[in-house]
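Everything below belongs to query.cif, which stores mmCIF, C-alpha atoms.
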```cif
data_coords
#
loop_
_atom_site.group_PDB
_atom_site.id
_atom_site.type_symbol
_atom_site.label_atom_id
_atom_site.label_comp_id
_atom_site.auth_asym_id
_atom_site.auth_seq_id
_atom_site.Cartn_x
_atom_site.Cartn_y
_atom_site.Cartn_z
ATOM 1 C CA MET A 159 26.260 -6.295 28.735
ATOM 2 C CA GLY A 160 28.935 -3.673 29.246
ATOM 3 C CA PHE A 161 29.963 -5.296 32.516
ATOM 4 C CA LEU A 162 30.117 -8.722 30.857
ATOM 5 C CA PHE A 163 32.353 -7.273 28.148
ATOM 6 C CA ALA A 164 34.624 -5.761 30.802
ATOM 7 C CA VAL A 165 34.803 -8.697 33.201
ATOM 8 C CA THR A 166 35.282 -11.503 30.649
ATOM 9 C CA PRO A 167 38.940 -10.779 29.780
ATOM 10 C CA ILE A 168 39.633 -10.336 33.499
ATOM 11 C CA CYS A 169 38.252 -13.815 34.153
ATOM 12 C CA LEU A 170 40.273 -15.224 31.255
ATOM 13 C CA THR A 171 43.521 -13.767 32.567
ATOM 14 C CA PRO A 172 45.477 -16.540 34.340
ATOM 15 C CA GLY A 173 45.200 -16.066 38.099
ATOM 16 C CA ALA A 174 44.821 -18.030 41.333
ATOM 17 C CA SER A 175 41.756 -20.035 40.244
ATOM 18 C CA PHE A 176 43.320 -20.732 36.845
ATOM 19 C CA THR A 177 46.451 -22.055 38.540
ATOM 20 C CA LEU A 178 44.483 -24.202 40.971
ATOM 21 C CA VAL A 179 42.383 -25.764 38.219
ATOM 22 C CA THR A 180 45.514 -26.415 36.173
ATOM 23 C CA GLN A 181 47.197 -28.148 39.118
ATOM 24 C CA ARG A 182 44.196 -30.297 39.927
ATOM 25 C CA VAL A 183 43.334 -31.333 36.394
ATOM 26 C CA ALA A 184 46.980 -31.895 35.438
ATOM 27 C CA ALA A 185 47.141 -34.369 38.303
ATOM 28 C CA GLY A 186 44.250 -36.257 36.735
ATOM 29 C CA ARG A 187 41.446 -35.051 39.010
ATOM 30 C CA ARG A 188 38.825 -33.396 36.799
ATOM 31 C CA ARG A 189 36.248 -33.421 39.586
ATOM 32 C CA ASP A 190 38.553 -31.220 41.666
ATOM 33 C CA GLY A 191 38.624 -28.714 38.837
ATOM 34 C CA MET A 192 34.862 -28.390 39.142
ATOM 35 C CA LEU A 193 35.177 -28.011 42.910
ATOM 36 C CA VAL A 194 37.661 -25.172 42.431
ATOM 37 C CA ALA A 195 35.153 -23.451 40.146
ATOM 38 C CA ALA A 196 32.452 -23.806 42.816
ATOM 39 C CA GLY A 197 34.783 -22.444 45.481
ATOM 40 C CA THR A 198 35.652 -19.515 43.237
ATOM 41 C CA ALA A 199 31.961 -18.718 42.793
ATOM 42 C CA SER A 200 31.483 -18.692 46.564
ATOM 43 C CA GLY A 201 34.464 -16.386 46.977
ATOM 44 C CA LEU A 202 33.044 -13.947 44.434
ATOM 45 C CA CYS A 203 29.784 -13.869 46.392
ATOM 46 C CA VAL A 204 31.729 -12.852 49.498
ATOM 47 C CA HIS A 205 33.383 -9.962 47.624
ATOM 48 C CA ALA A 206 30.022 -8.900 46.181
ATOM 49 C CA THR A 207 28.388 -8.887 49.609
ATOM 50 C CA LEU A 208 31.147 -6.782 51.136
ATOM 51 C CA ALA A 209 31.006 -4.368 48.195
ATOM 52 C CA ALA A 210 27.217 -4.065 48.465
ATOM 53 C CA VAL A 211 27.476 -3.114 52.129
ATOM 54 C CA GLY A 212 30.338 -0.661 51.622
ATOM 55 C CA LEU A 213 29.115 1.032 48.445
ATOM 56 C CA SER A 214 25.574 1.331 49.775
ATOM 57 C CA ALA A 215 26.976 3.181 52.774
ATOM 58 C CA VAL A 216 28.983 5.516 50.514
ATOM 59 C CA VAL A 217 25.945 6.321 48.361
ATOM 60 C CA MET A 218 23.826 7.036 51.432
ATOM 61 C CA ARG A 219 26.518 9.383 52.741
ATOM 62 C CA SER A 220 26.787 11.562 49.625
ATOM 63 C CA ALA A 221 26.765 11.498 45.828
ATOM 64 C CA GLU A 222 30.087 13.343 45.821
ATOM 65 C CA ALA A 223 31.742 10.581 47.840
ATOM 66 C CA PHE A 224 30.464 7.992 45.369
ATOM 67 C CA LEU A 225 31.878 10.051 42.486
ATOM 68 C CA VAL A 226 35.269 10.070 44.209
ATOM 69 C CA VAL A 227 35.088 6.271 44.502
ATOM 70 C CA LYS A 228 34.289 5.971 40.795
ATOM 71 C CA LEU A 229 37.103 8.296 39.721
ATOM 72 C CA ALA A 230 39.612 6.516 41.972
ATOM 73 C CA GLY A 231 38.466 3.234 40.465
ATOM 74 C CA ALA A 232 38.825 4.626 36.953
ATOM 75 C CA ALA A 233 42.401 5.712 37.658
ATOM 76 C CA TYR A 234 43.225 2.281 39.051
ATOM 77 C CA LEU A 235 41.676 0.530 36.041
ATOM 78 C CA ILE A 236 43.787 2.621 33.662
ATOM 79 C CA TRP A 237 46.943 1.830 35.631
ATOM 80 C CA LEU A 238 46.017 -1.862 35.817
ATOM 81 C CA GLY A 239 45.265 -1.944 32.091
ATOM 82 C CA VAL A 240 48.544 -0.302 31.102
ATOM 83 C CA THR A 241 50.454 -2.650 33.415
ATOM 84 C CA SER A 242 48.673 -5.702 32.023
ATOM 85 C CA PHE A 243 49.275 -4.646 28.411
ATOM 86 C CA ARG A 244 52.962 -3.989 29.026
ATOM 87 C CA SER A 245 53.395 -7.311 30.842
ATOM 88 C CA GLY A 246 52.200 -9.038 27.681
ATOM 89 C CA ARG A 247 55.620 -8.360 26.156
ATOM 90 C CA LYS A 248 57.510 -10.146 28.887
ATOM 91 C CA VAL A 249 55.362 -13.073 29.993
ATOM 92 C CA PRO A 250 57.747 -15.872 31.005
ATOM 93 C CA GLU A 251 57.407 -19.297 29.547
ATOM 94 C CA ALA A 252 55.056 -21.500 31.582
ATOM 95 C CA THR A 253 56.832 -24.030 33.750
ATOM 96 C CA LYS A 254 55.773 -27.642 33.987
ATOM 97 C CA THR A 255 54.824 -27.249 37.656
ATOM 98 C CA PRO A 256 52.709 -24.160 38.527
ATOM 99 C CA PRO A 257 53.557 -22.375 41.814
ATOM 100 C CA ARG A 258 51.937 -23.946 44.853
ATOM 101 C CA PRO A 259 49.575 -21.630 46.752
ATOM 102 C CA PRO A 260 49.935 -21.317 50.556
ATOM 103 C CA TRP A 261 46.645 -23.172 51.129
ATOM 104 C CA VAL A 262 47.752 -26.245 49.194
ATOM 105 C CA GLY A 263 46.727 -29.545 50.766
ATOM 106 C CA HIS A 264 43.057 -28.678 51.229
ATOM 107 C CA GLY A 265 40.199 -29.903 49.060
ATOM 108 C CA GLY A 266 39.446 -28.340 45.695
ATOM 109 C CA TYR A 267 36.449 -26.348 46.954
ATOM 110 C CA LEU A 268 38.294 -24.813 49.902
ATOM 111 C CA GLN A 269 41.304 -24.029 47.744
ATOM 112 C CA GLY A 270 39.097 -22.257 45.211
ATOM 113 C CA PHE A 271 37.249 -20.360 47.934
ATOM 114 C CA LEU A 272 40.349 -19.192 49.808
ATOM 115 C CA GLY A 273 42.222 -18.527 46.585
ATOM 116 C CA ASN A 274 39.467 -16.114 45.553
ATOM 117 C CA VAL A 275 38.629 -14.497 48.900
ATOM 118 C CA LEU A 276 42.327 -13.768 49.541
ATOM 119 C CA ASN A 277 42.960 -12.602 45.970
ATOM 120 C CA PRO A 278 43.379 -8.784 45.671
ATOM 121 C CA LYS A 279 42.513 -9.010 41.961
ATOM 122 C CA ALA A 280 39.055 -10.366 42.757
ATOM 123 C CA ALA A 281 38.478 -7.673 45.378
ATOM 124 C CA ALA A 282 39.598 -5.008 42.905
ATOM 125 C CA VAL A 283 36.791 -5.978 40.502
ATOM 126 C CA TYR A 284 34.210 -4.975 43.093
ATOM 127 C CA LEU A 285 36.063 -1.907 44.322
ATOM 128 C CA THR A 286 36.944 -0.418 40.937
ATOM 129 C CA LEU A 287 35.003 -1.999 38.059
ATOM 130 C CA VAL A 288 31.565 -2.575 39.601
ATOM 131 C CA PRO A 289 31.035 1.075 40.668
ATOM 132 C CA GLN A 290 31.381 2.136 37.023
ATOM 133 C CA PHE A 291 28.119 0.290 36.254
ATOM 134 C CA LEU A 292 26.018 1.396 39.232
ATOM 135 C CA ASP A 293 23.258 3.980 39.261
ATOM 136 C CA PRO A 294 23.429 5.600 42.734
ATOM 137 C CA ARG A 295 19.778 6.650 42.380
ATOM 138 C CA ALA A 296 18.656 3.014 42.364
ATOM 139 C CA GLY A 297 19.162 0.232 44.886
ATOM 140 C CA VAL A 298 22.898 -0.443 44.951
ATOM 141 C CA ALA A 299 22.678 -3.888 46.585
ATOM 142 C CA GLY A 300 20.296 -5.216 43.924
ATOM 143 C CA GLN A 301 22.462 -3.910 41.093
ATOM 144 C CA ILE A 302 25.576 -5.488 42.604
ATOM 145 C CA ALA A 303 23.714 -8.792 42.944
ATOM 146 C CA VAL A 304 22.945 -8.763 39.211
ATOM 147 C CA LEU A 305 26.538 -7.885 38.296
ATOM 148 C CA ALA A 306 27.871 -10.524 40.686
ATOM 149 C CA ALA A 307 25.616 -13.147 39.076
ATOM 150 C CA ALA A 308 27.051 -12.210 35.687
ATOM 151 C CA HIS A 309 30.599 -12.359 37.064
ATOM 152 C CA VAL A 310 30.021 -15.778 38.641
ATOM 153 C CA THR A 311 28.505 -17.090 35.405
ATOM 154 C CA VAL A 312 31.511 -16.011 33.345
ATOM 155 C CA ALA A 313 34.048 -17.262 35.879
ATOM 156 C CA VAL A 314 32.425 -20.669 36.390
ATOM 157 C CA THR A 315 31.891 -21.159 32.659
ATOM 158 C CA TRP A 316 35.530 -20.375 31.943
ATOM 159 C CA LEU A 317 36.912 -22.574 34.733
ATOM 160 C CA THR A 318 34.612 -25.446 33.784
ATOM 161 C CA ALA A 319 35.668 -25.229 30.142
ATOM 162 C CA TRP A 320 39.302 -25.021 31.224
ATOM 163 C CA THR A 321 38.854 -28.131 33.348
ATOM 164 C CA PHE A 322 37.871 -30.189 30.296
ATOM 165 C CA VAL A 323 40.351 -28.594 27.902
ATOM 166 C CA VAL A 324 43.572 -28.372 29.898
ATOM 167 C CA ALA A 325 44.338 -32.099 29.757
ATOM 168 C CA THR A 326 44.365 -32.183 25.950
ATOM 169 C CA ALA A 327 45.528 -28.691 25.067
ATOM 170 C CA ARG A 328 47.790 -27.887 28.011
ATOM 171 C CA ARG A 329 50.854 -26.987 25.967
ATOM 172 C CA ALA A 330 49.077 -24.687 23.500
ATOM 173 C CA ILE A 331 47.000 -22.593 25.922
ATOM 174 C CA SER A 332 49.725 -22.176 28.504
ATOM 175 C CA SER A 333 52.160 -20.910 25.893
ATOM 176 C CA ARG A 334 53.732 -17.455 25.797
ATOM 177 C CA THR A 335 51.565 -16.463 22.802
ATOM 178 C CA PHE A 336 48.267 -17.289 24.511
ATOM 179 C CA ARG A 337 49.154 -15.565 27.780
ATOM 180 C CA THR A 338 50.505 -12.509 25.966
ATOM 181 C CA ALA A 339 47.281 -12.148 23.974
ATOM 182 C CA ILE A 340 45.122 -12.417 27.111
ATOM 183 C CA ASN A 341 47.221 -9.825 28.948
ATOM 184 C CA ARG A 342 46.990 -7.362 26.072
ATOM 185 C CA VAL A 343 43.241 -7.772 25.566
ATOM 186 C CA SER A 344 42.677 -7.309 29.293
ATOM 187 C CA GLY A 345 44.880 -4.221 29.299
ATOM 188 C CA VAL A 346 43.004 -2.548 26.435
ATOM 189 C CA VAL A 347 39.598 -3.278 27.986
ATOM 190 C CA LEU A 348 40.595 -1.973 31.424
ATOM 191 C CA VAL A 349 42.105 1.224 30.041
ATOM 192 C CA GLY A 350 39.016 1.757 27.892
ATOM 193 C CA PHE A 351 36.638 1.521 30.815
ATOM 194 C CA GLY A 352 38.862 3.681 32.979
ATOM 195 C CA VAL A 353 38.962 6.424 30.357
ATOM 196 C CA ARG A 354 35.198 6.090 29.782
ATOM 197 C CA THR A 355 34.525 6.797 33.438
ATOM 198 C CA ALA A 356 37.049 9.622 33.695
ATOM 199 C CA VAL A 357 35.552 11.588 30.767
ATOM 200 C CA SER A 358 31.866 10.844 31.348
ATOM 201 C CA GLY A 359 29.599 13.339 33.030
#
```
Could you write out this structure as structure tokens?
Amino acid sequence: MGFLFAVTPICLTPGASFTLVTQRVAAGRRRDGMLVAAGTASGLCVHATLAAVGLSAVVMRSAEAFLVVKLAGAAYLIWLGVTSFRSGRKVPEATKTPPRPPWVGHGGYLQGFLGNVLNPKAAAVYLTLVPQFLDPRAGVAGQIAVLAAAHVTVAVTWLTAWTFVVATARRAISSRTFRTAINRVSGVVLVGFGVRTAVSG
């Protein structure tokens, strides 16, 4: 539940998948919005698999090394949270045409997959946030699988809902007020979890 609380505002923050869904649905292709969501889910599974392999190796090496990973992740989360909160005061007005990603021209699924696999923000979730919820005394791979399932559920639910909403509420939810609120909520949550890790035993 703690991970769900932490990852939800991250998923809601406009990013690559959000932009891709917006482009596809705005062009009148709702089915492509669903394909982007499916591609995003596949990309998250790739990040989870890589994290499971890497973090399992760190835990097997030493508990101290895992603690270093957690503390480094906590510091990054605090920095990311502060940056996100501050950016909420200067979010530019949304333009009519979102920026085109470098993999434009492919199908919705491939765009969603590449947009997630090549997204540093998605990788950061598994390198910084996920370790805060792992018990190194238990099987790391199994725990990451559970957290990844939760992450995929939140992401796909959000992108699916966005697919059906963007056509009718495009102006309201792409406004400065909406994006500012999302940035600030994300910032507070990230700082909170970073501080929680830094001060915990």
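Checking A:Pro294, A:Gly273, A:Gly191, A:Gly201 one by one against A:Val323, counting only C-alpha atoms, you find the shortest gap at A:Gly191.
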Determine the nearest neighbour of A:Val314 from the options A:Thr171, A:Thr207, A:Thr198, A:Gln269, counting only C-alpha atoms.
A:Thr198
List the neighbours of A:Leu272 out to 10 Å using all atoms listed in the file; skip same-chain residues closer than 3 positions along the sequence, and give me the result as a PyMOL selection string.
chain A and resi 174-175+194+197-198+200-201+260-261+264+267-269+275-277
Let me see the file: selected residues, C-alpha atoms, as a PDB file, in the coordinates of the input.
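Wrote out-v4.pdb, looks like this:
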```
ATOM      1  CA  ALA A 174      44.821 -18.030  41.333  1.00  0.00           C
ATOM      2  CA  SER A 175      41.756 -20.035  40.244  1.00  0.00           C
ATOM      3  CA  VAL A 194      37.661 -25.172  42.431  1.00  0.00           C
ATOM      4  CA  GLY A 197      34.783 -22.444  45.481  1.00  0.00           C
ATOM      5  CA  THR A 198      35.652 -19.515  43.237  1.00  0.00           C
ATOM      6  CA  SER A 200      31.483 -18.692  46.564  1.00  0.00           C
ATOM      7  CA  GLY A 201      34.464 -16.386  46.977  1.00  0.00           C
ATOM      8  CA  PRO A 260      49.935 -21.317  50.556  1.00  0.00           C
ATOM      9  CA  TRP A 261      46.645 -23.172  51.129  1.00  0.00           C
ATOM     10  CA  HIS A 264      43.057 -28.678  51.229  1.00  0.00           C
ATOM     11  CA  TYR A 267      36.449 -26.348  46.954  1.00  0.00           C
ATOM     12  CA  LEU A 268      38.294 -24.813  49.902  1.00  0.00           C
ATOM     13  CA  GLN A 269      41.304 -24.029  47.744  1.00  0.00           C
ATOM     14  CA  VAL A 275      38.629 -14.497  48.900  1.00  0.00           C
ATOM     15  CA  LEU A 276      42.327 -13.768  49.541  1.00  0.00           C
ATOM     16  CA  ASN A 277      42.960 -12.602  45.970  1.00  0.00           C
TER      17      ASN A 277
END
```
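Between atom CA of A:Val298 and atom CA of A:Gly160 lies a distance of 17.1 Å.
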Can you turn the PyMOL selection byres ((chain A and resi 302) around 9) into a concrete residue list for this file, as JSON, numbers by chain?
{"A": [206, 207, 209, 210, 284, 288, 289, 291, 292, 297, 298, 299, 300, 301, 303, 304, 305, 306, 307]}
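Atom CA of A:Val240 is positioned 18.4 Å from atom CA of A:Thr335.
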Students should find that atom CA of A:Gly266 and atom CA of A:Leu193 are spaced 5.1 Å
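The residue that comes closest to A:Ala164, out of A:Ala339, A:Val283, A:Val204, A:Ala296 and on the basis of all atoms listed in the file, is A:Val283.
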In terms of only C-alpha atoms, the residue from A:Cys203, A:Leu178, A:Met159, A:Leu287 at minimal distance from A:Ile236 is A:Leu287
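Shortest atom-to-atom contact with A:Arg182 among A:Thr166, A:Gly350, A:Arg244, A:Trp320: A:Trp320, counting all atoms listed in the file.
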Report, as lines of an AutoDock Vina configuration file, the centre and edge lengths in Å (one decimal) of the axis-aligned box enclosing every listed atom of stretch 299-315 of chain A, padded by 5 Å on each side.
```
center_x = 27.2
center_y = -12.5
center_z = 39.6
size_x = 23.8
size_y = 27.3
size_z = 23.9
```
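Here the PyMOL selection byres ((chain A and resi 183) around 10) captures the residues A:Leu178, A:Val179, A:Thr180, A:Gln181, A:Arg182, A:Ala184, A:Ala185, A:Gly186, A:Arg187, A:Arg188, A:Arg189, A:Asp190, A:Gly191, A:Met192, A:Trp320, A:Thr321, A:Phe322, A:Val323, A:Val324, A:Ala325.
Each of A:Ala196, A:His205, A:Val211, A:Gly265 was checked against A:Ala282 using only C-alpha atoms; the smallest atom-to-atom distance is that of A:His205.
Once the PyMOL selection byres ((chain A and resi 312) around 12) is applied to the shown structure, the selection contains A:Met159, A:Phe161, A:Leu162, A:Phe163, A:Ala164, A:Val165, A:Thr166, A:Pro167, A:Ile168, A:Cys169, A:Leu170, A:Ala195, A:Thr198, A:Ala199, A:Leu202, A:Leu305, A:Ala306, A:Ala307, A:Ala308, A:His309, A:Val310, A:Thr311, A:Ala313, A:Val314, A:Thr315, A:Trp316, A:Leu317, A:Thr318, A:Ala319.
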Give me a file of those residues, with C-alpha atoms, as an mmCIF file, in the frame of the given file.
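Here's the written file part-v9.cif:
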```cif
data_model
loop_
_atom_site.group_PDB
_atom_site.id
_atom_site.type_symbol
_atom_site.label_atom_id
_atom_site.label_comp_id
_atom_site.auth_asym_id
_atom_site.auth_seq_id
_atom_site.Cartn_x
_atom_site.Cartn_y
_atom_site.Cartn_z
ATOM 1 C CA MET A 159 26.260 -6.295 28.735
ATOM 2 C CA PHE A 161 29.963 -5.296 32.516
ATOM 3 C CA LEU A 162 30.117 -8.722 30.857
ATOM 4 C CA PHE A 163 32.353 -7.273 28.148
ATOM 5 C CA ALA A 164 34.624 -5.761 30.802
ATOM 6 C CA VAL A 165 34.803 -8.697 33.201
ATOM 7 C CA THR A 166 35.282 -11.503 30.649
ATOM 8 C CA PRO A 167 38.940 -10.779 29.780
ATOM 9 C CA ILE A 168 39.633 -10.336 33.499
ATOM 10 C CA CYS A 169 38.252 -13.815 34.153
ATOM 11 C CA LEU A 170 40.273 -15.224 31.255
ATOM 12 C CA ALA A 195 35.153 -23.451 40.146
ATOM 13 C CA THR A 198 35.652 -19.515 43.237
ATOM 14 C CA ALA A 199 31.961 -18.718 42.793
ATOM 15 C CA LEU A 202 33.044 -13.947 44.434
ATOM 16 C CA LEU A 305 26.538 -7.885 38.296
ATOM 17 C CA ALA A 306 27.871 -10.524 40.686
ATOM 18 C CA ALA A 307 25.616 -13.147 39.076
ATOM 19 C CA ALA A 308 27.051 -12.210 35.687
ATOM 20 C CA HIS A 309 30.599 -12.359 37.064
ATOM 21 C CA VAL A 310 30.021 -15.778 38.641
ATOM 22 C CA THR A 311 28.505 -17.090 35.405
ATOM 23 C CA ALA A 313 34.048 -17.262 35.879
ATOM 24 C CA VAL A 314 32.425 -20.669 36.390
ATOM 25 C CA THR A 315 31.891 -21.159 32.659
ATOM 26 C CA TRP A 316 35.530 -20.375 31.943
ATOM 27 C CA LEU A 317 36.912 -22.574 34.733
ATOM 28 C CA THR A 318 34.612 -25.446 33.784
ATOM 29 C CA ALA A 319 35.668 -25.229 30.142
#
```
